[in-house]
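S.K.: There's a structure below that I have some questions on.
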Amino acid sequence: MRYLPQTDDDRTAMLAAIGAAGIDDLYVDVPRSAWRDGLVDLPLHQGEMQVERALAAMAAKNLHGGNAPFFLGCGSYRHHIPASVDALIQRGEFLTSYTPYQPEVSQGTLQMLFEFQTMIAMLTGMEVANASMYDGASGTAEAVLMANRVTRRHRAVLSGGLHPHYRETVETYARYGEFEIVSRTPSPDGRDDLIEAIDGTTSCVVVQTPDLFGRPRDLTKIAEACHAAGALLVAVVTEVVSLGLLMPPGAMGADIVVCEGQSLGNPMGFGGPYVGLFATKSKYLRQMPGRLAGQTVDAEGRRGWVLTLSTREQHIRREKATSNICTNSGLCALAFTIHLALLGEEGFTTLARLNHEAAQRAAERLEQVKGVSVLNETYFNEFTLRLPRPAIGVVEDLAGRGILGGVPLARFHPDDPGLSDLMAVAVTEMTTAEEIAALADGLAEVLA
Amino acid sequence: MTTTSGNRGLVMDEPLLFEQDAPGRCGVDLETPEGRPLKLGGLERKGAIGLPGLAEPQVVRHFTRLSQKNYAIDAGFYPLGSCTMKHNPRLNEKAVRMPGFALAHPLQPESTVQGALELIATLAHWLTTLTGMPGVAMSPAAGAHGELAGLMTIRAALTARGDARKKVLVPESAHGTNPATATLCDYAVESIPANERGRIDIEALKEALDQDVAALMLTNPNTCGLFEDEIVEVARLVHDAGAFFYGDGANFNAIVGRVRPGDLGIDAMHINLHKTFSTPHGGGGPGSGPVVLAESLVPFAPLPYVVAGEGGFRMVEHDPSGRSFGRLRAFHGQMGMFVRALAYMMSHGADGLRQVAEDAVLNANYVLARLKGAYHPSFDGPCMHECLFDDRTLKDTGVSTLDLAKALIDEGFHPMTMYFPLVVHGAMLIEPTETESKATLDQFCDTMLALMEKAQAGNAEWFHESPHLAPWRRLDETAAARNPVLTWSPEQGKNAAA
Amino acid sequence: MSDRLYTKDHEWVEVDGDIATIGISEHAQEQLGDVVFVELPEVGRSVAQNEDAAVIESVKAASEVYAPLTGEIVEVNEMLAEDPAQVNADPYGVGWFMRIRIDEPSELDELMDEEAYKDFLADLE
């Protein structure tokens with residue numbers, strides 16, 4: 001077995017050194033009733049080639065963003081990842097290192113996390129950021145828990161434009177955490193009635209921008225209303241590339257900003273692993289969940305970094321920790337940082353503009369399809385189409401023609417008739433004119 | 001020795017990205033935008049972001065140099081107890097990059113992702129077979145997230161039978177995530193002491209088990225590296241009290257293929273794919289923490305889940321019964337980790353996985369046998385996949401566990417887990433894993449023995465100053481915490497923290 | 001010998017009229033190591049004896065500071081927020097935590113005097 005270096009001679013010598021007659025001697029503490037003398041009922045070991053073939057056969061059954069015209073978004077986006085990103089994250093010193101608890105031999109990861117935190121603060125317009133969370137949805141739930149701690153209140157208001165998976169995740173965390181969630185329903189006409197829902201018991205309002213339908217949201221007035229009532233504003237961004245062109249939530253008064261960072265450096269990968277970005281104001285630092293890298297010096301006065309403020313975390317505070325989170329999304333954060341370092345100011349803002357323009361071209365073309373209209377007047381790289389029949393069927397029919405058309409919003413809310421004919425369409429720098437034409441022609445066919 | 005450049009041989013002094021900025025420089029070549037009017041409703045960004053401009057060779061060199069400042073399992077022995085730092089096969093990496101997995105979107109129609117769903121279902125089958133449990137929730141993003149899923153499932157099951165219990169029992173030797181998770185589920189946490197053999201104290205458990213206990217959370221093998229030999233009795237007591245038995249599967253590597261948690265009476269257990277099943281730790285995640293479940297808990301499991309039907313595989317995202325406690329994250333789970341873990345499991349097979357457990361246990365016992373004269377084992381008898389020592393033989397040397405660990409760095413080894421579990425004074429928890437050769441273990445043990453000899457000979461000062469040869473000397477964690485500098489700012493000079 | 005009284009949780013109390021000044025003992029600061037952060041209660045809050053009143057964090061640990069007496073918080077040492085190192089440097093002086101207006105003077109009888117505290121520490125060894 002190629003992953004096991006011990007030879008039978010080694011094993012014999014080691015058992016002798018231990019003073020055991022056989023391996024069973026080392027399992028004496030296992031109750032006899034639970035011993036399994038034979039092998040479990042699974043296939044035996046296989047060589048690299050055989051495993052590779054079996055997995056490739058599964059992979060080959062999928063249609064995907066590399067072999068079909070592709071327009072899906074809603075929290076996971078197809079962007080081009082520069083070749084050097086993947087080459088660098090596969091360096092064993094990054095890939096196979098542990099959490100940097102021993103700073104003398106982990107400065108690579110620590111310096112990278114410090115750079116990552118700085119970039120997140122810059123993008124979001126906030127003062128501090130942590131070293132990442134599992135994903136945008138669980139990060140949003142953690143943001144609500146944090147707002148509850150800061151305000152000592154227990155009622156969160158969620159915008160109807162919040163990604164339904166994010167809303168459901170927050171509701172799960174609230175279910176047993178004994179706090180109240182007021183969820184607005186997704187409204188295609190843009191009504192959200194958030195300010196009306198804020199009162200003196202509200203801990204936070206959670207608003208996504210661009211929202212589920214793709215509309216950028218002006219958060220200024222909601223922020224004012226939150227602050228007047230002593231509540232926090234949590235801004236959620238599921239497409240981080242939008243921050244290259246849109247005003248950062250911090251500039252509109254957000255107190256906590258959570259983003260899904262998959263768009264930079266990380267493949268869609270059928271849903272994970274992704275990377276949650278989490279930023280806030282300095283004054284709330286002690287209530288922020290997650291790991292933090294902080295700057296310091298070593299015994300010789302050289303600049304270096306350590307994990308810091310860890311007394312907020314579970315391994316020290318146990319039941320009094322700010323969160324039960326033990327890990328971050330280190331490798332995904334690394335990929336994000338490398339991709340953004342390659343882009344830089346110029347590349348990132350240009351990339352955002354290319355996305356926006358590609359979306360405009362697509363919207364203009366798709367609007368010409370008979371029976372199809374574009375719901376949005378404003379959008380970044382994702383907009384919603386209204387179709388003349390239920391979108392789930394249309395998407396299936398498009399898939400039958402080898403086209404991955406978009407996300408039918410009814411997939412999130414099967415029981416909401418107001419959403420049934422809506423399809424969210426995402427367009428990025430990867431989307432070619434041929435793909436747009438294929439979708440337009442495909443739509444015309446399946447709607448005919 | 002100081003150098004003009006600040007570099008030390010192959011260890012390069014590397015400035016921050018922001019300190020290498022030249023405005024207008026870029027590491028990618030993009031098309032030129034058309035210059036269309038914006039359709040953002042006037043919400044466009046007004047100021048610059050502040051991102052640095054670097055060309056590709058600079059970025060590649062920057063991150064290459066950073067990587068060289070990290071210890072890694074690829075480069076050396078990483079005996080971190082409770083972390084299972086085993087070899088990460090590169091076949092796993094190749095598989096996850098297959099376009100059919102990497103480029104699939106989580107919201108594609110089911111008909112277009114049958115291969116991805118098949119992979120999840122296949123991994124689920126391996127996990128349920130290895131654990132002897134009928135169901136598994138695949139979506140948790142990490143071990144602690146799996147604990148949360150498990151406890152929420154238990155709470156949902158209790159709620160469904162109208163049983164509002166308020167307490168979770170956690171041994172004092174448990175991972176900190178256990179009590180933190182219980183709190184997140186709004187349970188009060190009651191700590192159960194260990195007995196003198198390092199196992200849960202059955203009498204204390206009996207005392208604590210009443211009608212208000214929702215669950216016992218128990219790591220097995222436990223954090224002292226010992227198998228809970230009375231676990232069958234523990235399960236019986238827990239079930240008799242009407243509570244559920246949650247197993248923390250962090251240490252599954254010791255028993256995979258040999259012992260099925262389902263046969264021990266466990267009702268729910270998370271499995272850290274990044275420990276037992278070799279997905280890379282990546283400098284701190286991402287992890288993946290599927291939770292296997294007993295029949296009584298399956299209906300309450302989180303959404304979504306994959307089912308096999310006549311027309312192929314389906315992804316259930318809405319629960320018509322209303323019994324599932326809900327969703328824990330966006331989309332379906334850590335698919336990239338699933339692909340890697342399955343590649344690893346198929347490579348080893350039923351026979352190889354059993355050998356994995358046996359070699360992991362053999363290696364730990366070998367280290368225990370070689371060190372036990374000079375170091376004091378906290379408990380008698382054989383260990384499982386990790387061995388635990390306290391700092392008794394360092395007493396009066398002036399050298400602490402931390403000092404000894406830092407001296408190990410100079411010797412080219414990553415330190416073992418220190419000061420955990422909390423029940424042992426100055427704990428040193430050593431987990432070699434099965435992927436280390438006897439030669440490596442011998443070199444490590446020789447070093448440990450020499451260091452103890454050196455400490456007992458009175459070299460406290462030298463130990464306090466360790467590491468001497470690492471890229472960095474000891475870092476000032478107090479200064480970092482008292483005056484947190486968490487982001488770079490343009491005003492900040494290179495030695496701002498000094 | 002000072003007039004300070006002590007709790008088993010290593011807080012000290014110094015009484016002046018109906019006001020008690022509270023801090024942590026020399027032994028406590030030594031055990032904690034370098035203190036990096038202190039979270040103090042709001043002035044005006046009423047606390048019951050043994051209730052969590054403040055949080056103290058060092059690099060390696062975080063612990064609660066319990067109110068040794070029932071009463072109202074009338075003053076806190078704001079300087080600790082800026083300079084937590086004072087807790088290590090001078091735990092019985094500038095490193096004090098808070099002042100409480102005593103509601104139940106009888107609770108003072110439950111505290112240890114310096115000699116009793118010394119014996120208590122000796123027993124911990």
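All residue names refer to the structure tokens as shown: chains lettered A, B, ... in order, residues numbered from 1 in each chain, ligands numbered from 1 in order.
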Using the chain letters and numbers from this document, which residues of segment 93-295 of chain A does DSSP assign to strand (DSSP E or B), as a PyMOL selection string?
M.R.: chain A and resi 106+128-129+133+155-158+180-183+204-208+232-237+246+256-260+276-280+293-295
S.K.: Write out as a ChimeraX atom specification which residues come within 9 Å of Ala121 of chain A when counting only C-alpha atoms, dropping same-chain ones fewer than 6 positions away.
M.R.: /A:127-129,278-280 /B:487
S.K.: Okay, now the selection with N, CA, C and O atoms, as an mmCIF file, in the first residue's frame?
M.R.:
data_model
loop_
_atom_site.group_PDB
_atom_site.id
_atom_site.type_symbol
_atom_site.label_atom_id
_atom_site.label_comp_id
_atom_site.auth_asym_id
_atom_site.auth_seq_id
_atom_site.Cartn_x
_atom_site.Cartn_y
_atom_site.Cartn_z
ATOM 1 N N GLU A 127 -12.789 48.402 8.937
ATOM 2 C CA GLU A 127 -11.498 48.606 9.614
ATOM 3 C C GLU A 127 -10.742 47.310 9.911
ATOM 4 O O GLU A 127 -9.521 47.282 9.877
ATOM 5 N N VAL A 128 -11.468 46.260 10.241
ATOM 6 C CA VAL A 128 -10.798 44.988 10.538
ATOM 7 C C VAL A 128 -11.535 43.835 9.864
ATOM 8 O O VAL A 128 -12.737 43.922 9.596
ATOM 9 N N ALA A 129 -10.783 42.769 9.594
ATOM 10 C CA ALA A 129 -11.379 41.572 8.993
ATOM 11 C C ALA A 129 -10.721 40.368 9.632
ATOM 12 O O ALA A 129 -9.571 40.442 10.069
ATOM 13 N N PHE A 278 -15.241 38.267 6.334
ATOM 14 C CA PHE A 278 -15.954 38.835 7.487
ATOM 15 C C PHE A 278 -15.205 40.065 7.964
ATOM 16 O O PHE A 278 -14.050 39.968 8.370
ATOM 17 N N ALA A 279 -15.864 41.231 7.908
ATOM 18 C CA ALA A 279 -15.197 42.477 8.295
ATOM 19 C C ALA A 279 -16.120 43.309 9.172
ATOM 20 O O ALA A 279 -17.344 43.218 9.071
ATOM 21 N N THR A 280 -15.519 44.124 10.030
ATOM 22 C CA THR A 280 -16.334 44.959 10.901
ATOM 23 C C THR A 280 -15.542 46.198 11.319
ATOM 24 O O THR A 280 -14.467 46.470 10.796
ATOM 25 N N THR B 487 -4.303 44.898 10.270
ATOM 26 C CA THR B 487 -4.250 45.215 8.845
ATOM 27 C C THR B 487 -3.060 46.133 8.602
ATOM 28 O O THR B 487 -2.624 46.851 9.505
#
S.K.: Hey, could you make a per-residue contact list for segment 141-165 of chain A against segment 208-230 of chain A with 7 Å as the cut-off, showing the nearest pair of atoms and its distance in Å to one decimal, counting only C-alpha atoms, sorted by chain and number, as a tab-separated table?
M.R.:
residue	atom	partner	partner_atom	distance
A:Gly161	CA	A:Asp211	CA	4.8
A:Leu162	CA	A:Gln208	CA	5.1
A:His163	CA	A:Leu212	CA	5.5
S.K.: May I have the residues of chain C within 9 Å of chain B, counting only C-alpha atoms, written as number ranges by chain?
M.R.: C: 34-37, 58-59, 82-85
S.K.: May I ask for the distance between atom CA of Phe338 of chain B and atom CA of Ala102 of chain B, given in Å to one decimal place?
M.R.: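 Interatomic distance here is 12.0 Å.
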S.K.: Find the residues around Asn77 of chain C up to 6 Å (only C-alpha atoms counted), leave out those fewer than 2 positions away in its own chain, and share them as a VMD selection string.
M.R.: chain C and resid 79 to 80 97 to 98
S.K.: Export, as a PDB file, in the first residue's frame, the selected residues with N, CA, C and O atoms.
M.R.:
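Done, and the output landed in again_21.pdb:
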ATOM      1  N   MET C  79      -8.798  53.120  33.015  1.00  0.00           N
ATOM      2  CA  MET C  79      -7.433  53.061  32.515  1.00  0.00           C
ATOM      3  C   MET C  79      -7.040  51.642  32.079  1.00  0.00           C
ATOM      4  O   MET C  79      -6.177  51.480  31.216  1.00  0.00           O
ATOM      5  N   LEU C  80      -7.675  50.638  32.655  1.00  0.00           N
ATOM      6  CA  LEU C  80      -7.304  49.260  32.315  1.00  0.00           C
ATOM      7  C   LEU C  80      -7.620  48.924  30.856  1.00  0.00           C
ATOM      8  O   LEU C  80      -6.975  48.077  30.249  1.00  0.00           O
ATOM      9  N   PHE C  97      -9.948  47.116  39.728  1.00  0.00           N
ATOM     10  CA  PHE C  97     -10.956  46.891  38.683  1.00  0.00           C
ATOM     11  C   PHE C  97     -12.177  47.795  38.819  1.00  0.00           C
ATOM     12  O   PHE C  97     -12.567  48.468  37.886  1.00  0.00           O
ATOM     13  N   MET C  98     -12.809  47.736  39.998  1.00  0.00           N
ATOM     14  CA  MET C  98     -14.110  48.422  40.109  1.00  0.00           C
ATOM     15  C   MET C  98     -14.428  48.729  41.570  1.00  0.00           C
ATOM     16  O   MET C  98     -13.820  48.164  42.477  1.00  0.00           O
TER      17      MET C  98
END
S.K.: Mind checking which residues fall within 6 Å of segment 244-248 of chain A, counting only C-alpha atoms, ignoring those fewer than 2 positions away in the same chain, and posting them as a PyMOL selection string?
M.R.: (chain A and resi 124-125+241-242+250-251+348-349+352) or (chain B and resi 43-45)
S.K.: Determine, for each residue of chain C having at least one atom at most 7 Å from an atom of chain A, the closest pair of atoms and their separation in Å to one decimal, counting only C-alpha atoms; order by chain and ascending number, as JSON lines.
M.R.:
{"residue": "C:Glu57", "atom": "CA", "partner": "A:Thr311", "partner_atom": "CA", "distance": 6.7}
{"residue": "C:Lys60", "atom": "CA", "partner": "A:Thr311", "partner_atom": "CA", "distance": 7.0}
{"residue": "C:Ala61", "atom": "CA", "partner": "A:Thr311", "partner_atom": "CA", "distance": 6.1}
{"residue": "C:Ala62", "atom": "CA", "partner": "A:Thr311", "partner_atom": "CA", "distance": 5.8}
S.K.: Have a look at atom CA of His348 of chain B and atom CA of Cys383 of chain B and let me know their distance in Å, one decimal.
M.R.: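 Separation of atom CA of His348 of chain B and atom CA of Cys383 of chain B: 23.7 Å.
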